[in-house]
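Okay, run34.cif is below, mmCIF, C-alpha atoms:
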data_my_file
#
loop_
_atom_site.label_atom_id
_atom_site.label_comp_id
_atom_site.auth_asym_id
_atom_site.auth_seq_id
_atom_site.Cartn_x
_atom_site.Cartn_y
_atom_site.Cartn_z
CA MET O 1 0.00 0.00 0.00
CA ALA O 2 1.05 3.51 -0.60
CA GLU O 3 1.04 4.07 3.09
CA LEU O 4 4.43 2.43 3.42
CA PHE O 5 6.41 4.85 1.27
CA ASN O 6 9.73 5.86 2.76
CA PRO O 7 10.74 9.34 1.51
CA SER O 8 14.39 8.74 2.36
CA SER O 9 14.64 5.92 -0.17
CA THR O 10 17.01 6.46 -3.08
CA ALA O 11 16.27 3.19 -4.82
CA PRO O 12 15.34 3.46 -8.50
CA GLU O 13 11.68 3.26 -9.35
CA LYS O 14 10.21 0.08 -10.74
CA PRO O 15 6.91 -0.35 -12.55
CA SER O 16 3.95 -0.37 -10.20
CA TRP O 17 1.36 -3.12 -10.23
CA SER O 18 -1.32 -1.00 -11.84
CA SER O 19 0.45 2.00 -13.38
CA ALA O 20 -1.23 4.49 -11.06
CA SER O 21 -2.03 7.74 -12.85
CA VAL O 22 -2.43 11.19 -11.37
CA GLU O 23 -6.19 10.54 -11.37
CA ALA O 24 -5.75 7.49 -9.13
CA PRO O 25 -6.43 7.85 -5.39
CA LEU O 26 -3.50 9.12 -3.36
CA ALA O 27 -3.15 5.79 -1.55
CA GLU O 28 -2.74 4.01 -4.89
CA ARG O 29 -0.30 6.57 -6.32
CA LEU O 30 1.97 6.28 -3.30
CA ARG O 31 2.05 2.51 -3.27
CA PRO O 32 5.67 1.35 -2.67
CA GLN O 33 7.55 -0.03 -5.65
CA ASN O 34 10.50 -1.69 -3.92
CA LEU O 35 11.61 -2.88 -0.49
CA ASP O 36 13.42 0.35 0.31
CA GLU O 37 10.23 2.34 -0.10
CA LEU O 38 8.38 0.27 2.49
CA LEU O 39 7.73 2.19 5.69
CA GLY O 40 7.40 0.20 8.90
CA GLN O 41 7.47 -3.58 9.43
CA ASN O 42 11.14 -3.47 10.41
CA LYS O 43 10.75 -6.62 12.47
CA ILE O 44 9.87 -8.78 9.47
CA LEU O 45 11.73 -6.81 6.78
CA GLY O 46 14.88 -5.66 8.57
CA GLU O 47 18.24 -5.88 6.81
CA GLN O 48 19.06 -9.25 8.40
CA SER O 49 15.58 -10.76 8.39
CA MET O 50 14.99 -14.10 6.69
CA LEU O 51 12.03 -12.71 4.76
CA ARG O 52 14.04 -9.85 3.28
CA LYS O 53 16.83 -12.22 2.24
CA SER O 54 14.27 -14.53 0.66
CA LEU O 55 12.77 -11.63 -1.29
CA GLU O 56 16.16 -10.35 -2.43
CA THR O 57 17.17 -13.79 -3.70
CA ASP O 58 13.76 -14.41 -5.28
CA ASN O 59 13.42 -17.59 -3.24
CA ILE O 60 10.29 -17.04 -1.17
CA PRO O 61 8.19 -19.78 0.47
CA SER O 62 4.42 -19.95 0.53
CA MET O 63 3.22 -17.39 3.07
CA ILE O 64 0.15 -16.02 4.81
CA PHE O 65 0.32 -12.28 5.55
CA TRP O 66 -1.75 -11.50 8.64
CA GLY O 67 -2.32 -8.02 10.01
CA PRO O 68 -4.83 -5.19 10.44
CA PRO O 69 -6.03 -3.04 7.52
CA GLY O 70 -3.61 -0.56 6.03
CA CYS O 71 -0.38 -2.05 7.40
CA GLY O 72 1.22 -3.07 4.09
CA LYS O 73 0.25 -6.66 3.29
CA THR O 74 -0.90 -5.94 -0.25
CA SER O 75 1.90 -3.43 -0.70
CA LEU O 76 4.51 -6.10 -0.04
CA ALA O 77 2.81 -8.30 -2.62
CA HIS O 78 3.13 -5.40 -5.10
CA VAL O 79 6.83 -5.17 -4.34
CA ILE O 80 7.26 -8.91 -4.85
CA LYS O 81 5.52 -8.70 -8.23
CA ALA O 82 7.79 -5.84 -9.30
CA SER O 83 10.96 -7.66 -8.28
CA THR O 84 10.40 -11.38 -8.98
CA LYS O 85 11.38 -13.15 -12.18
CA LYS O 86 8.59 -15.63 -11.61
CA ARG O 87 5.15 -15.37 -13.09
CA PHE O 88 2.88 -13.45 -10.70
CA VAL O 89 -0.88 -14.01 -10.64
CA ALA O 90 -3.22 -12.05 -8.36
CA LEU O 91 -6.71 -13.24 -7.40
CA SER O 92 -9.25 -11.68 -5.08
CA ALA O 93 -11.13 -14.05 -2.82
CA ILE O 94 -14.12 -11.72 -3.12
CA SER O 95 -14.60 -12.28 -6.86
CA SER O 96 -12.80 -15.57 -7.60
CA GLY O 97 -14.05 -19.13 -7.29
CA VAL O 98 -12.82 -22.72 -7.60
CA LYS O 99 -12.90 -22.49 -11.41
CA ASP O 100 -10.49 -19.54 -11.34
CA ILE O 101 -8.20 -21.39 -8.97
CA LYS O 102 -8.14 -24.53 -11.13
CA THR O 103 -7.46 -22.49 -14.27
CA THR O 104 -4.60 -20.68 -12.55
CA ILE O 105 -3.12 -23.96 -11.29
CA LEU O 106 -3.34 -25.53 -14.75
CA GLU O 107 -1.53 -22.55 -16.27
CA ALA O 108 1.06 -22.76 -13.47
CA LYS O 109 1.69 -26.44 -14.26
CA ASN O 110 2.31 -25.58 -17.90
CA GLN O 111 4.71 -22.82 -16.89
CA LYS O 112 6.48 -25.15 -14.47
CA GLU O 113 7.17 -27.59 -17.31
CA LEU O 114 8.76 -24.68 -19.17
CA GLY O 115 10.99 -23.97 -16.18
CA ARG O 116 9.18 -20.92 -14.80
CA GLY O 117 7.62 -20.79 -11.35
CA THR O 118 4.35 -19.09 -10.43
CA ILE O 119 3.53 -16.92 -7.42
CA LEU O 120 -0.19 -16.85 -6.67
CA PHE O 121 -1.33 -13.92 -4.52
CA ILE O 122 -4.80 -14.14 -2.99
CA ASP O 123 -6.07 -11.04 -1.25
CA GLU O 124 -8.72 -11.50 1.47
CA ILE O 125 -7.95 -15.23 1.53
CA HIS O 126 -10.12 -15.64 4.63
CA ARG O 127 -13.14 -15.12 2.36
CA PHE O 128 -12.42 -18.40 0.53
CA ASN O 129 -14.54 -21.26 1.84
CA LYS O 130 -13.16 -24.68 2.75
CA GLY O 131 -13.67 -26.08 -0.75
CA GLN O 132 -11.88 -23.17 -2.38
CA GLN O 133 -8.98 -23.43 0.05
CA ASP O 134 -8.78 -27.21 -0.43
CA ALA O 135 -8.40 -26.65 -4.17
CA LEU O 136 -5.05 -24.98 -3.44
CA LEU O 137 -3.56 -27.75 -1.30
CA GLY O 138 -2.07 -29.99 -3.97
CA ALA O 139 -0.52 -27.15 -5.96
CA VAL O 140 1.06 -25.63 -2.85
CA GLU O 141 2.23 -29.05 -1.64
CA ASP O 142 4.06 -29.99 -4.88
CA GLY O 143 5.37 -26.48 -5.57
CA THR O 144 3.23 -25.82 -8.64
CA VAL O 145 2.48 -22.44 -7.09
CA THR O 146 4.03 -20.38 -4.33
CA LEU O 147 1.03 -19.08 -2.42
CA ILE O 148 0.87 -15.67 -0.80
CA GLY O 149 -2.39 -15.03 1.04
CA ALA O 150 -3.32 -11.79 2.77
CA THR O 151 -5.87 -11.60 5.58
CA THR O 152 -7.03 -9.31 8.34
CA GLU O 153 -8.56 -12.24 10.21
CA ASN O 154 -6.84 -14.76 12.47
CA PRO O 155 -5.65 -17.55 10.13
CA GLY O 156 -6.21 -20.02 12.94
CA PHE O 157 -9.94 -19.39 12.54
CA GLU O 158 -10.21 -18.62 8.84
CA VAL O 159 -7.55 -20.67 7.00
CA ASN O 160 -7.70 -24.47 6.77
CA GLY O 161 -5.18 -26.11 9.06
CA ALA O 162 -3.80 -28.22 6.20
CA LEU O 163 -3.19 -25.13 4.07
CA LEU O 164 -1.81 -23.10 6.97
CA SER O 165 0.69 -25.85 7.80
CA ARG O 166 2.14 -25.52 4.29
CA CYS O 167 2.75 -21.77 4.64
CA GLN O 168 4.92 -19.46 6.70
CA LEU O 169 2.83 -17.11 8.84
CA ILE O 170 4.05 -13.52 8.55
CA LEU O 171 2.67 -11.12 11.19
CA PHE O 172 2.23 -7.48 10.19
CA ALA O 173 1.90 -4.75 12.83
CA PRO O 174 -0.03 -1.45 12.59
CA LEU O 175 2.21 1.43 11.60
CA ASN O 176 3.57 3.32 14.60
CA LYS O 177 3.23 7.04 15.25
CA ASP O 178 6.63 7.93 13.77
CA ASP O 179 5.85 6.05 10.56
CA LEU O 180 2.49 7.77 10.24
CA ARG O 181 3.96 11.20 10.91
CA THR O 182 6.52 10.60 8.17
CA LEU O 183 3.74 9.49 5.86
CA ILE O 184 1.67 12.64 6.41
CA PHE O 185 4.42 15.02 5.33
CA SER O 186 5.55 12.72 2.55
CA ALA O 187 2.04 12.63 1.08
CA LEU O 188 1.44 16.36 1.47
CA LYS O 189 4.81 17.81 0.52
CA ASP O 190 7.69 15.52 -0.41
CA HIS O 191 6.66 12.60 -2.59
CA PRO O 192 6.69 13.34 -6.34
CA ARG O 193 3.50 11.29 -6.78
CA GLY O 194 1.89 12.95 -3.77
CA LEU O 195 0.00 16.21 -3.36
CA MET O 196 3.09 18.48 -3.50
CA MET O 197 1.44 21.13 -1.31
CA LYS O 198 4.72 22.54 -0.07
CA ASP O 199 3.26 25.92 0.92
CA VAL O 200 0.51 24.49 3.13
CA GLU O 201 1.13 24.39 6.89
CA VAL O 202 -0.23 21.61 9.05
CA THR O 203 -0.45 22.23 12.78
CA ASP O 204 0.88 19.75 15.31
CA GLY O 205 -2.61 19.26 16.70
CA VAL O 206 -3.91 18.16 13.30
CA VAL O 207 -1.00 15.76 12.83
CA ASP O 208 -1.58 14.22 16.24
CA LYS O 209 -5.32 13.88 15.64
CA LEU O 210 -4.89 12.29 12.23
CA ILE O 211 -2.39 9.81 13.64
CA ALA O 212 -4.61 8.93 16.60
CA GLN O 213 -7.72 8.40 14.48
CA SER O 214 -5.94 6.31 11.86
CA GLU O 215 -5.06 3.66 14.50
CA GLY O 216 -2.09 2.46 12.45
CA ASP O 217 -4.12 2.24 9.22
CA ALA O 218 -2.10 4.12 6.59
CA ARG O 219 -4.72 3.76 3.88
CA PHE O 220 -7.31 5.48 6.05
CA LEU O 221 -4.78 8.21 6.85
CA LEU O 222 -4.00 8.87 3.19
CA ASN O 223 -7.68 8.95 2.28
CA GLN O 224 -8.23 11.53 5.03
CA ILE O 225 -5.33 13.66 3.82
CA GLU O 226 -6.53 13.54 0.23
CA TRP O 227 -10.07 14.51 1.16
CA ILE O 228 -8.87 17.43 3.28
CA ALA O 229 -6.42 18.63 0.61
CA LYS O 230 -9.11 18.68 -2.07
CA SER O 231 -11.47 20.64 0.17
CA ILE O 232 -9.39 23.48 1.63
CA GLY O 233 -9.40 25.71 -1.46
CA ASN O 234 -6.87 28.53 -1.18
CA ARG O 235 -6.33 28.22 2.55
CA LYS O 236 -2.71 27.72 3.54
CA VAL O 237 -3.13 26.34 7.06
CA ILE O 238 -4.76 23.08 8.10
CA ASP O 239 -5.66 23.48 11.76
CA GLU O 240 -8.01 21.61 14.09
CA LYS O 241 -10.91 23.99 13.46
CA LEU O 242 -10.64 23.36 9.73
CA LEU O 243 -10.27 19.64 10.32
CA GLU O 244 -13.62 19.48 12.10
CA GLU O 245 -15.43 20.79 9.02
CA PHE O 246 -15.00 17.69 6.93
CA GLN O 247 -13.25 14.97 8.87
CA TYR O 248 -15.19 11.78 9.49
CA LYS O 249 -14.74 9.23 12.23
CA LYS O 250 -12.98 5.96 11.50
CA PRO O 251 -15.30 3.04 12.24
CA LEU O 252 -14.14 0.80 15.06
CA ARG O 253 -12.52 -2.37 13.78
CA TYR O 254 -14.81 -5.15 14.91
CA ASP O 255 -16.08 -8.34 13.35
CA LYS O 256 -18.89 -10.03 15.23
CA SER O 257 -17.87 -13.42 13.85
CA GLY O 258 -14.11 -12.98 13.68
CA GLU O 259 -11.15 -12.90 16.02
CA GLU O 260 -11.80 -9.40 17.32
CA HIS O 261 -15.18 -10.63 18.57
CA TYR O 262 -13.46 -13.28 20.70
CA ASN O 263 -10.61 -10.99 21.75
CA LEU O 264 -12.93 -8.33 23.13
CA ILE O 265 -15.30 -10.64 24.98
CA SER O 266 -12.25 -12.38 26.45
CA ALA O 267 -10.90 -9.02 27.64
CA LEU O 268 -14.28 -8.13 29.17
CA HIS O 269 -14.52 -11.49 30.95
CA LYS O 270 -10.99 -11.28 32.34
CA SER O 271 -11.53 -7.68 33.48
CA VAL O 272 -14.66 -8.68 35.40
CA ARG O 273 -12.86 -11.68 36.87
CA GLY O 274 -9.96 -9.41 37.80
CA SER O 275 -12.31 -7.00 39.66
CA ASP O 276 -11.42 -4.08 37.38
CA PRO O 277 -14.64 -2.13 36.65
CA ASP O 278 -12.90 0.58 34.61
CA ALA O 279 -11.39 -1.90 32.17
CA ALA O 280 -14.59 -3.94 32.11
CA LEU O 281 -16.65 -0.87 31.13
CA TYR O 282 -14.11 0.06 28.46
CA TRP O 283 -14.23 -3.35 26.79
CA LEU O 284 -18.02 -3.47 27.17
CA HIS O 285 -18.46 -0.23 25.27
CA ARG O 286 -15.87 -1.20 22.67
CA MET O 287 -18.15 -4.10 21.84
CA ILE O 288 -21.35 -2.05 21.95
CA GLN O 289 -19.94 0.68 19.69
CA GLY O 290 -18.59 -2.00 17.38
CA GLY O 291 -22.14 -3.23 16.81
CA GLU O 292 -22.23 -6.31 19.03
CA ASP O 293 -25.67 -7.63 20.00
CA PRO O 294 -26.24 -6.61 23.66
CA ARG O 295 -28.00 -9.91 24.24
CA PHE O 296 -24.79 -11.77 23.44
CA ILE O 297 -22.97 -9.63 25.98
CA LEU O 298 -25.72 -10.23 28.54
CA ARG O 299 -25.42 -13.99 28.04
CA ARG O 300 -21.71 -13.79 28.72
CA LEU O 301 -22.19 -11.54 31.75
CA MET O 302 -24.72 -14.05 33.07
CA ARG O 303 -22.15 -16.77 32.65
CA MET O 304 -19.62 -14.66 34.59
CA SER O 305 -22.13 -14.28 37.41
CA MET O 306 -22.15 -18.07 37.77
CA GLU O 307 -18.59 -18.96 36.78
CA ASP O 308 -16.60 -16.24 38.53
CA VAL O 309 -18.86 -14.79 41.26
CA GLY O 310 -20.94 -17.84 42.06
CA LEU O 311 -21.90 -18.42 45.67
CA ALA O 312 -19.63 -15.66 46.92
CA ASP O 313 -22.58 -13.43 45.97
CA PRO O 314 -25.68 -15.34 44.80
CA ASN O 315 -27.37 -12.01 44.05
CA ALA O 316 -25.08 -11.68 41.03
CA LEU O 317 -27.10 -14.23 39.05
CA LEU O 318 -30.35 -12.56 40.12
CA LEU O 319 -29.05 -9.20 38.92
CA ALA O 320 -27.89 -10.76 35.65
CA THR O 321 -31.33 -12.19 34.89
CA SER O 322 -32.92 -8.88 35.89
CA ALA O 323 -30.54 -6.99 33.60
CA ARG O 324 -31.57 -9.19 30.70
CA GLU O 325 -35.23 -8.54 31.43
CA ALA O 326 -34.62 -4.79 31.80
CA TYR O 327 -32.79 -4.60 28.48
CA ASP O 328 -35.52 -6.55 26.68
CA PHE O 329 -38.16 -4.26 28.16
CA MET O 330 -36.35 -0.93 27.66
CA GLY O 331 -34.36 -1.52 24.47
CA ILE O 332 -31.68 0.85 23.18
CA PRO O 333 -30.39 3.22 24.47
CA GLU O 334 -31.90 3.16 27.98
CA GLY O 335 -31.62 -0.60 28.34
CA LEU O 336 -27.86 -0.44 27.90
CA ILE O 337 -27.59 1.07 31.38
CA ALA O 338 -28.54 -2.36 32.70
CA LEU O 339 -25.37 -3.77 31.08
CA ASP O 340 -23.29 -1.04 32.72
CA GLU O 341 -24.84 -1.71 36.13
CA LEU O 342 -24.35 -5.45 35.84
CA THR O 343 -20.76 -5.10 34.61
CA ILE O 344 -19.80 -2.85 37.53
CA TYR O 345 -21.57 -5.08 40.06
CA LEU O 346 -19.91 -8.27 38.80
CA SER O 347 -16.51 -6.58 38.71
CA LEU O 348 -16.73 -5.51 42.36
CA ALA O 349 -18.46 -8.63 43.68
CA PRO O 350 -16.42 -11.15 45.67
CA LYS O 351 -15.25 -13.98 43.45
CA SER O 352 -15.61 -17.73 43.72
CA ASN O 353 -15.38 -20.43 41.07
CA SER O 354 -16.24 -23.22 43.50
CA CYS O 355 -19.49 -24.05 41.67
CA GLU O 356 -17.76 -24.57 38.35
CA LEU O 357 -14.97 -26.60 39.94
CA ALA O 358 -17.51 -28.74 41.79
CA GLY O 359 -19.37 -29.45 38.56
CA MET O 360 -16.15 -30.40 36.79
CA ALA O 361 -15.16 -32.66 39.69
CA ALA O 362 -18.56 -34.39 39.64
CA ASP O 363 -18.27 -34.96 35.88
CA GLN O 364 -14.83 -36.51 36.32
CA ILE O 365 -16.01 -38.85 39.06
CA VAL O 366 -18.96 -40.02 36.95
CA LYS O 367 -16.64 -40.69 34.00
CA GLN O 368 -14.28 -42.69 36.22
CA THR O 369 -16.83 -44.71 38.17
CA GLY O 370 -19.64 -45.16 35.67
CA THR O 371 -23.24 -45.93 36.68
CA LEU O 372 -22.93 -46.88 40.33
CA PRO O 373 -26.25 -48.16 41.71
CA VAL O 374 -28.43 -45.88 43.80
CA PRO O 375 -28.43 -47.14 47.44
CA LYS O 376 -31.67 -48.97 48.20
CA GLU O 377 -32.63 -46.62 51.03
CA PHE O 378 -32.95 -43.75 48.52
CA ARG O 379 -35.12 -45.64 46.05
CA ASN O 380 -38.86 -45.09 46.23
CA PRO O 381 -40.84 -48.36 46.58
CA VAL O 382 -43.40 -47.36 43.95
CA THR O 383 -44.01 -50.99 42.91
CA LYS O 384 -44.51 -54.24 44.81
CA VAL O 385 -41.22 -55.51 43.43
CA GLY O 386 -39.42 -52.52 44.87
CA ASP O 387 -41.08 -53.07 48.20
CA VAL O 388 -40.01 -56.71 48.22
CA LEU O 389 -36.45 -55.70 47.35
CA GLY O 390 -36.29 -53.31 50.28
CA TYR O 391 -36.48 -50.02 48.43
CA GLY O 392 -36.68 -47.12 50.90
CA LYS O 393 -35.90 -49.32 53.90
CA ASP O 394 -33.67 -47.67 56.51
CA TYR O 395 -34.12 -44.22 54.95
CA LYS O 396 -33.95 -41.50 57.59
CA TYR O 397 -36.39 -38.63 57.10
CA ASP O 398 -34.26 -35.57 57.84
CA HIS O 399 -37.10 -33.48 59.25
CA ASP O 400 -37.50 -36.03 62.01
CA SER O 401 -33.85 -35.68 63.01
CA PRO O 402 -32.31 -33.06 65.35
CA GLY O 403 -31.62 -29.88 63.42
CA ALA O 404 -33.44 -31.43 60.42
CA TYR O 405 -30.21 -33.25 59.61
CA SER O 406 -29.93 -37.04 59.69
CA ALA O 407 -26.20 -37.20 58.82
CA GLN O 408 -26.82 -40.23 56.61
CA GLU O 409 -24.52 -40.97 53.64
CA HIS O 410 -26.22 -40.25 50.31
CA LEU O 411 -23.40 -41.21 47.94
CA PRO O 412 -22.93 -44.72 46.59
CA LYS O 413 -20.93 -46.80 49.06
CA GLN O 414 -17.87 -46.77 46.79
CA LEU O 415 -17.76 -42.96 47.01
CA VAL O 416 -18.50 -42.39 50.69
CA GLY O 417 -16.27 -39.62 52.00
CA THR O 418 -15.65 -38.04 48.58
CA GLU O 419 -15.56 -34.23 48.63
CA ILE O 420 -16.84 -32.58 45.48
CA TYR O 421 -17.92 -29.10 46.57
CA ARG O 422 -15.18 -27.14 48.28
CA PRO O 423 -16.40 -23.69 49.29
CA THR O 424 -14.16 -20.65 49.41
CA GLN O 425 -13.96 -18.17 52.27
CA TYR O 426 -14.98 -15.24 50.06
CA GLY O 427 -18.12 -13.15 50.37
CA ARG O 428 -21.32 -14.89 51.36
CA GLU O 429 -19.85 -18.29 50.55
CA LYS O 430 -17.93 -18.06 53.80
CA MET O 431 -21.26 -18.63 55.60
CA LEU O 432 -21.89 -21.69 53.42
CA ALA O 433 -18.42 -22.99 54.25
CA GLU O 434 -19.13 -22.59 57.96
CA ARG O 435 -22.48 -24.35 57.59
CA LEU O 436 -20.90 -27.23 55.68
CA GLU O 437 -18.21 -27.66 58.33
CA GLN O 438 -20.86 -27.73 61.07
CA LEU O 439 -22.74 -30.48 59.21
CA LYS O 440 -19.56 -32.51 58.77
CA GLN O 441 -18.81 -32.21 62.47
CA VAL O 442 -22.29 -33.46 63.35
CA LYS O 443 -21.81 -36.40 60.98
CA ARG O 444 -18.45 -37.26 62.56
CA GLU O 445 -19.90 -37.15 66.06
CA ARG O 446 -22.90 -39.33 65.18
CA ASN O 447 -20.70 -41.82 63.35
CA GLN O 448 -18.50 -42.11 66.45
CA LYS O 449 -21.56 -42.87 68.55
CA GLY O 450 -22.45 -45.62 66.10
#

Can you dump the structure from the file as structure tokens?
Amino acid sequence: MAELFNPSSTAPEKPSWSSASVEAPLAERLRPQNLDELLGQNKILGEQSMLRKSLETDNIPSMIFWGPPGCGKTSLAHVIKASTKKRFVALSAISSGVKDIKTTILEAKNQKELGRGTILFIDEIHRFNKGQQDALLGAVEDGTVTLIGATTENPGFEVNGALLSRCQLILFAPLNKDDLRTLIFSALKDHPRGLMMKDVEVTDGVVDKLIAQSEGDARFLLNQIEWIAKSIGNRKVIDEKLLEEFQYKKPLRYDKSGEEHYNLISALHKSVRGSDPDAALYWLHRMIQGGEDPRFILRRLMRMSMEDVGLADPNALLLATSAREAYDFMGIPEGLIALDELTIYLSLAPKSNSCELAGMAADQIVKQTGTLPVPKEFRNPVTKVGDVLGYGKDYKYDHDSPGAYSAQEHLPKQLVGTEIYRPTQYGREKMLAERLEQLKQVKRERNQKG
């Protein structure tokens, strides 16, 4: 992408992918044409990096480029096309299908027989379905094509494991503030394919605001600059007051079915568990402003009330169910206050995961011991056969016992003495722990008496 242009580069120009004209968007005109023009990504493209050496020797492996929008994935593919001696074919996962893939692979096989390799670049590769991705496997495996895929989504979710295992995963980072600052002045004043507005002043406040709102996305930044430049007329200063006239807000990056969806709900859950209401509210509203369904968030908050608060504060689950009802009744925007209230309450509530651990322990015991028979004293003699077999005999009715507690063993005989629920000493669960210990003491005393 043009956003990676380095104005200090002295490398000779090479043909661009699409021969960008002066009518082309600024981001396209400034697209880098060689490695030295790339701005940022020093970790993966530094002088001694394996990737740079592979590119310089034209000996690259199959790769998946993963990173946020506007960080240079497609730009690097442009640079590879301009520098490689191999045949370079570009497909878009948005508009291409299995037929296009098979045609490309067939052509690549013919070229391979003639001694020329093929690099196949697929932009937005995460948009290919399983069948389309499977169609690439054989050609990547036998070297018919060298695959380069670009994606903004986590390949672990969106790229078939078999295909991912045949590729090197290259992680791209958002451009940092220094890179973006360099890009602003390059696009406005210095680059020969840029705007060349050398007599226009840009205030520091505008630069800082543009950088902050771009969030590392150089394409967005260049589009902003171009829009502003075409709108200022004869004015020679771009200040914050002018910026407010026609600047738009960058949408939050959020995909309700992608990795960011899972990242944000994970951050919210861990913030609540970590008793950090400020962080919890931040992540909550990141999701809400990103367009997440509040009911999904409520379901997860309800789970937190059981999993992380539990019996340390049983009111947490009651508040969670009430918050769901309040949201359904009030709707947006008033109903969202219920999510705020619940999030703060859960964050500050005492924490206990004893319920979840007890359930997991019970599951494990059942798996290990199988279907142990129910002791006869706890079986209801609802038939004559049951009565003959002694169902219900020797059962002690607890309400007839002192303290309404008979101290009888209810587990199968093979499991007598097994502890499954282990209460914590936090919040209201401390009272339950004391009650449980009292009951155990009564049981020990009665057992000693025989």

Closest to O:Ile60 among O:Gly390, O:Gly143, O:Lys109, O:Arg435, using all atoms listed in the file?
->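 The shortest atom-to-atom distance to O:Ile60 comes from O:Gly143.
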
Skipping near chain neighbours, those fewer than 4 positions away, what residues fall within 9 Å of O:Leu317 using all atoms listed in the file, listed as number ranges by chain?
-> O: 302-306, 309-310, 313, 321-322

Could you write out that same residue set with C-alpha atoms as a PDB file, in the coordinates of the input?
ATOM      1  CA  MET O 302     -24.720 -14.050  33.070  1.00  0.00           C
ATOM      2  CA  ARG O 303     -22.150 -16.770  32.650  1.00  0.00           C
ATOM      3  CA  MET O 304     -19.620 -14.660  34.590  1.00  0.00           C
ATOM      4  CA  SER O 305     -22.130 -14.280  37.410  1.00  0.00           C
ATOM      5  CA  MET O 306     -22.150 -18.070  37.770  1.00  0.00           C
ATOM      6  CA  VAL O 309     -18.860 -14.790  41.260  1.00  0.00           C
ATOM      7  CA  GLY O 310     -20.940 -17.840  42.060  1.00  0.00           C
ATOM      8  CA  ASP O 313     -22.580 -13.430  45.970  1.00  0.00           C
ATOM      9  CA  THR O 321     -31.330 -12.190  34.890  1.00  0.00           C
ATOM     10  CA  SER O 322     -32.920  -8.880  35.890  1.00  0.00           C
TER      11      SER O 322
END

Near O:Ala77, counting all atoms listed in the file, which residues have an atom at most 12 Å away, once you skip same-chain residues fewer than 2 positions from it, shown as a ChimeraX atom specification?
-> /O:1,16-17,31-35,38,55,60,63-65,72-75,79-84,88-91,119-123,147-150

Which residues come within 10 Å of O:Glu419, counting all atoms listed in the file, excluding same-chain residues fewer than 3 positions away, as a list in words?
-> Ala358, Ala361, Ala362, Leu415, Val416 and Arg422 of chain O

Counting only C-alpha atoms, what is within 8 Å of stretch 336-349 of chain O, bar same-chain residues fewer than 3 positions away, as a VMD selection string?
-> chain O and resid 271 to 277 280 to 281 294 298 301 304 to 305 309 312 to 313 316 319 to 320 323 to 324 326 to 327 331 to 333

Keeping only C-alpha atoms, write the selected residues to a file as a PDB file, in the coordinates of the input.
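The result, written out as selection25.pdb:
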ATOM      1  CA  SER O 271     -11.530  -7.680  33.480  1.00  0.00           C
ATOM      2  CA  VAL O 272     -14.660  -8.680  35.400  1.00  0.00           C
ATOM      3  CA  ARG O 273     -12.860 -11.680  36.870  1.00  0.00           C
ATOM      4  CA  GLY O 274      -9.960  -9.410  37.800  1.00  0.00           C
ATOM      5  CA  SER O 275     -12.310  -7.000  39.660  1.00  0.00           C
ATOM      6  CA  ASP O 276     -11.420  -4.080  37.380  1.00  0.00           C
ATOM      7  CA  PRO O 277     -14.640  -2.130  36.650  1.00  0.00           C
ATOM      8  CA  ALA O 280     -14.590  -3.940  32.110  1.00  0.00           C
ATOM      9  CA  LEU O 281     -16.650  -0.870  31.130  1.00  0.00           C
ATOM     10  CA  PRO O 294     -26.240  -6.610  23.660  1.00  0.00           C
ATOM     11  CA  LEU O 298     -25.720 -10.230  28.540  1.00  0.00           C
ATOM     12  CA  LEU O 301     -22.190 -11.540  31.750  1.00  0.00           C
ATOM     13  CA  MET O 304     -19.620 -14.660  34.590  1.00  0.00           C
ATOM     14  CA  SER O 305     -22.130 -14.280  37.410  1.00  0.00           C
ATOM     15  CA  VAL O 309     -18.860 -14.790  41.260  1.00  0.00           C
ATOM     16  CA  ALA O 312     -19.630 -15.660  46.920  1.00  0.00           C
ATOM     17  CA  ASP O 313     -22.580 -13.430  45.970  1.00  0.00           C
ATOM     18  CA  ALA O 316     -25.080 -11.680  41.030  1.00  0.00           C
ATOM     19  CA  LEU O 319     -29.050  -9.200  38.920  1.00  0.00           C
ATOM     20  CA  ALA O 320     -27.890 -10.760  35.650  1.00  0.00           C
ATOM     21  CA  ALA O 323     -30.540  -6.990  33.600  1.00  0.00           C
ATOM     22  CA  ARG O 324     -31.570  -9.190  30.700  1.00  0.00           C
ATOM     23  CA  ALA O 326     -34.620  -4.790  31.800  1.00  0.00           C
ATOM     24  CA  TYR O 327     -32.790  -4.600  28.480  1.00  0.00           C
ATOM     25  CA  GLY O 331     -34.360  -1.520  24.470  1.00  0.00           C
ATOM     26  CA  ILE O 332     -31.680   0.850  23.180  1.00  0.00           C
ATOM     27  CA  PRO O 333     -30.390   3.220  24.470  1.00  0.00           C
TER      28      PRO O 333
END

With only C-alpha atoms as the counted atoms, please give the residues lying no more than 7 Å from stretch 391-398 of chain O, apart from itself and same-chain residues fewer than 5 positions off, as a PDB file with C-alpha atoms, keeping the file's coordinate frame.
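Full text of result.pdb as output:
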ATOM      1  CA  LYS O 376     -31.670 -48.970  48.200  1.00  0.00           C
ATOM      2  CA  GLU O 377     -32.630 -46.620  51.030  1.00  0.00           C
ATOM      3  CA  PHE O 378     -32.950 -43.750  48.520  1.00  0.00           C
ATOM      4  CA  ARG O 379     -35.120 -45.640  46.050  1.00  0.00           C
ATOM      5  CA  ASN O 380     -38.860 -45.090  46.230  1.00  0.00           C
ATOM      6  CA  PRO O 381     -40.840 -48.360  46.580  1.00  0.00           C
ATOM      7  CA  GLY O 386     -39.420 -52.520  44.870  1.00  0.00           C
ATOM      8  CA  ALA O 404     -33.440 -31.430  60.420  1.00  0.00           C
ATOM      9  CA  TYR O 405     -30.210 -33.250  59.610  1.00  0.00           C
ATOM     10  CA  SER O 406     -29.930 -37.040  59.690  1.00  0.00           C
TER      11      SER O 406
END
